[in-house]
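**Student:** Just dropping this structure here.
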Amino acid sequence: MSGMHARGRVPAHARIPDAPPVPDFPAPNAPAHAPTYAPDITPTATSPTSKTAQTPKTDRAARSAGSDKNGKGPKVDLATEITASLVVFLVALPLCIGVAVASGVPAELGIISGVIGGLVVGAARGSTLQVSGPAAGLAALVAETVLEYGVAMLGVIVLGSGILQIVLGLVRLGKIFQAISLAVVQGMLAGIGLPLMFSQLYPMSDSKAPGTPIENMAGLPGLIADTFANPQALIAAGLGVVTIVLSFLWKKMPGPVKRIPAALVAVGIGIGVASLPGVDVKTLQVGNLLASVDVPGPTEFAGLADVGIITAILTFTVIASAESLFTAAAVDRMHSGPRTRYNPELIAQGAGNAVAGLLGALPITAVVARSSANVQAGAKTRLSRTLHGLWLLAFALLLPQVLALIPIAVLAGVLVHSGWKLFAPEEFPKMWRQDRGEFAVMTLTTLVIVATALLEGVLFGLAAGIVLAALRMSQTVIKQHLEEDTAKVVMAGNATFLRLPQLIEALEAAAEAGKPRIRLDLTGVTHLDHACRNQVEEFVAQQRGFGLRVELLMPGPAKPVGTPAPVADPAVAEQAHATGAALPRRPYASTGAGPTQGPGPTAEWFYLDTRPMPEEYAAR
């Protein structure tokens, strides 16, 4: 470490004009490398007595509420907010119904969750433009849960996950979900999207999916043969294919036409085709919205004693929270308005799931498709996303007969497109080019989710990501070379237990070199964990017990140059050698005259063997 770096000099351009000189040494107890910052003394445009002057606290409050910098309140264009809410409603309606059908529950439960996502989560503080509702990403997980525990237990699980989300937000753990590897997140989304696509190919042909993702993939040849053998199934499949094509190509339409949601256009085409004579495709069966509310009772709450139910609650909590907060980060990049506050947003998502659980509805997360539609429609405040929940409620209560005209194949096509977007196959070659280690984590996460289940896959991905990070953090360079009388081992980097085999091999090679002196230079090691340190010290004690001279230079913080250091007592050294123990540690100090000799200035401990050299080497 150079003198300039050790003393923490401040560059000239960082100093305050006309200010006293900055001391040329760090403050007491401050780290030598700590940067020095100049306080912000830029004069404000307003005088201290101006009524429009804002404190940082009020400025943050204004930004979080969508206000302008003068604190005059949000500039709401009511017409734009209403238009945006209608656009979000048109996108959300087929998705709410399609997710419910894909989850194996009545369509009304999807609409109820959409209403809650608008009226409860939409009105809460946290994110301004993010829109919540039932998400395609949880459809497979919900379907598995319903199949195992029944629809009645779904409310208890969603309620439990909502309460847990609120607790996580209150203890300010919202940002912990940002500390998940991007490769794991992308692998999780791909692992959700791939099974979703294959499972929805069956209802797209008016058929029933066999079951697990592997079974669904294996059954595709039979599905294709059955579809071509049945004219009505072929018509349904055609509607699904048209829906998928529209979903991909509609954004390329010219002018204001592309502002109409592709899903809405597909629903209109599907209703028209289904009403033609001779067409008999399956349509959505919608009942009374209020009658579908199923509040959990004592019997359902007694199921909390089941370990499987607790596991499901934890799974829903982690996946729903991660998806919502990842979506929040993505939506924040789409606009220049107030940023998401993660802990309040997590509390808002938890409140929505708690209400959804009490009503026996589907779990709620933030959804990218609705959120991006909200931003593109010009929304600026929470009003648009709140109103979209009101339109969903009004439509379901006043026009339920219209929902019964929608072909299921169209909704399945919408979800196949959503599954493809989640799968995002273009991300795999991109990740391969950027980082092959992360590519392996991403691919393994996807494959394990498809082969087993969502929770197992995510946990496996997290473990793989941690192992990859540990291996990369433990980059150790070990060099060996021999001199006339010395076997030298020089190590640099991060020495952790993961590098123990490499370290042991180098030490054994030094011991087998047959030299009377071994010199271990570890001054270039930036981190030495307990396992490696213990291995080195045991090796030193063992070799000294065999009569070899062993010199050990260990890493540590710098010592002031020229500070006198006590000289090792030869009697103490001889006693340590006789007992086989390590020498007492002592600071290494330079003489202060001329260039530093021996270990560099980063060496704190210098274990020196003070015994005389063997006679055959003494004269060299």
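Chain lettering (A, B, ...) mirrors the order of the structure tokens, residue numbering begins at 1 for each chain separately, and ligand numbering begins at 1 in order of display.
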Can you tell me, as a short mmCIF file (atom, residue, chain, number, x, y, z; two decimals) with N, CA and C atoms, in the first residue's frame, what residues are no more than 7 Å from Gly191 (chain A) when counting only C-alpha atoms, ignoring any on the same chain fewer than 6 positions away?
**Tutor:**
```cif
data_model
loop_
_atom_site.label_atom_id
_atom_site.label_comp_id
_atom_site.auth_asym_id
_atom_site.auth_seq_id
_atom_site.Cartn_x
_atom_site.Cartn_y
_atom_site.Cartn_z
N PHE A 423 -41.19 -17.76 -20.31
CA PHE A 423 -40.10 -18.66 -20.67
C PHE A 423 -38.93 -17.89 -21.28
N THR A 446 -34.48 -24.02 -14.17
CA THR A 446 -35.62 -24.30 -15.05
C THR A 446 -35.91 -25.80 -15.11
N LEU A 447 -34.89 -26.59 -15.32
CA LEU A 447 -35.09 -28.04 -15.47
C LEU A 447 -35.62 -28.68 -14.19
N ILE A 449 -37.40 -27.23 -11.83
CA ILE A 449 -38.81 -26.83 -11.64
C ILE A 449 -39.71 -27.68 -12.52
N VAL A 450 -39.32 -27.86 -13.79
CA VAL A 450 -40.15 -28.65 -14.71
C VAL A 450 -40.23 -30.10 -14.25
#
```
**Student:** What lies within 9 Å of Ala348 (chain A) using only C-alpha atoms, ignoring chain neighbours under 3 positions off, as a PyMOL selection string?
**Tutor:** chain A and resi 120-126+165-166+169+343-345+351-353
**Student:** Between A:Ala274, A:Ala135, A:Val281, A:Leu397, which has the minimum distance to Glu323 (chain A) (counting only C-alpha atoms)?
**Tutor:**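 That would be A:Ala135, the residue with the smallest distance to Glu323 (chain A).
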**Student:** Report, in Å to a single decimal, how far apart CA of Leu522 (chain A) and CA of Arg499 (chain A) are.
**Tutor:**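 Answer for the CA of Arg499 (chain A) to CA of Leu522 (chain A) separation: 14.1 Å.
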**Student:** Which residue is closest to Val458 (chain A)? Choose from A:Leu325, A:Ile180, A:Ala356, A:Leu173 and count only C-alpha atoms.
**Tutor:** A:Ile180
**Student:** Show which residues sit within 9 Å of region 211-218 of chain A, as a list in words. Count only C-alpha atoms, and ignore same-chain residues fewer than 5 positions away.
**Tutor:**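 What passes the distance filter is Glu144, Leu194, Pro195, Leu196, Phe198, Ser199, Leu201, Tyr202, Val450, Ala451 and Thr452 of chain A.
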**Student:** Of the candidates A:Gly278, A:Val307, A:Leu223, A:Leu362, which one gets nearest to Ile97 (chain A) if we count only C-alpha atoms?
**Tutor:** A:Leu362
**Student:** In Å, how far is it from CA of Gly137 (chain A) to CA of His417 (chain A)?
**Tutor:** 12.3 Å
**Student:** What is the distance between CA of Ala377 (chain A) and CA of Ala84 (chain A), in Å to one decimal?
**Tutor:** 4.9 Å
**Student:** Mind checking DSSP for region 204-370 of chain A and telling me the helix (DSSP H, G or I) residues as a ChimeraX atom specification?
**Tutor:** /A:204-205,213-218,220-229,231-252,255-259,262-274,298-305,307-332,342-358,368-370
**Student:** Would you list the contacts of Thr496 (chain A) as a list of chain:residue names, taking every protein, DNA or RNA residue within 9 Å and counting only C-alpha atoms, but skipping same-chain residues closer than 2 positions in sequence?
**Tutor:** A:Ala470, A:Met473, A:Ser474, A:Gln475, A:Thr476, A:Asn494, A:Leu498, A:Arg499, A:Leu500, A:His527, A:Leu528, A:Asp529, A:His530, A:Ala531, A:Cys532
**Student:** Just checking: using only C-alpha atoms, which residue out of A:Gln130, A:Ser181, A:Gln285, A:Thr445 ends up closest to Ser324 (chain A)?
**Tutor:**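 Once distances to Ser324 (chain A) are computed over only C-alpha atoms, the minimum belongs to A:Gln130.
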**Student:** Which of these residues is nearest to Val410 (chain A), using only C-alpha atoms: A:Ala79, A:Ala266, A:Val257, A:Leu444?
**Tutor:** A:Ala266
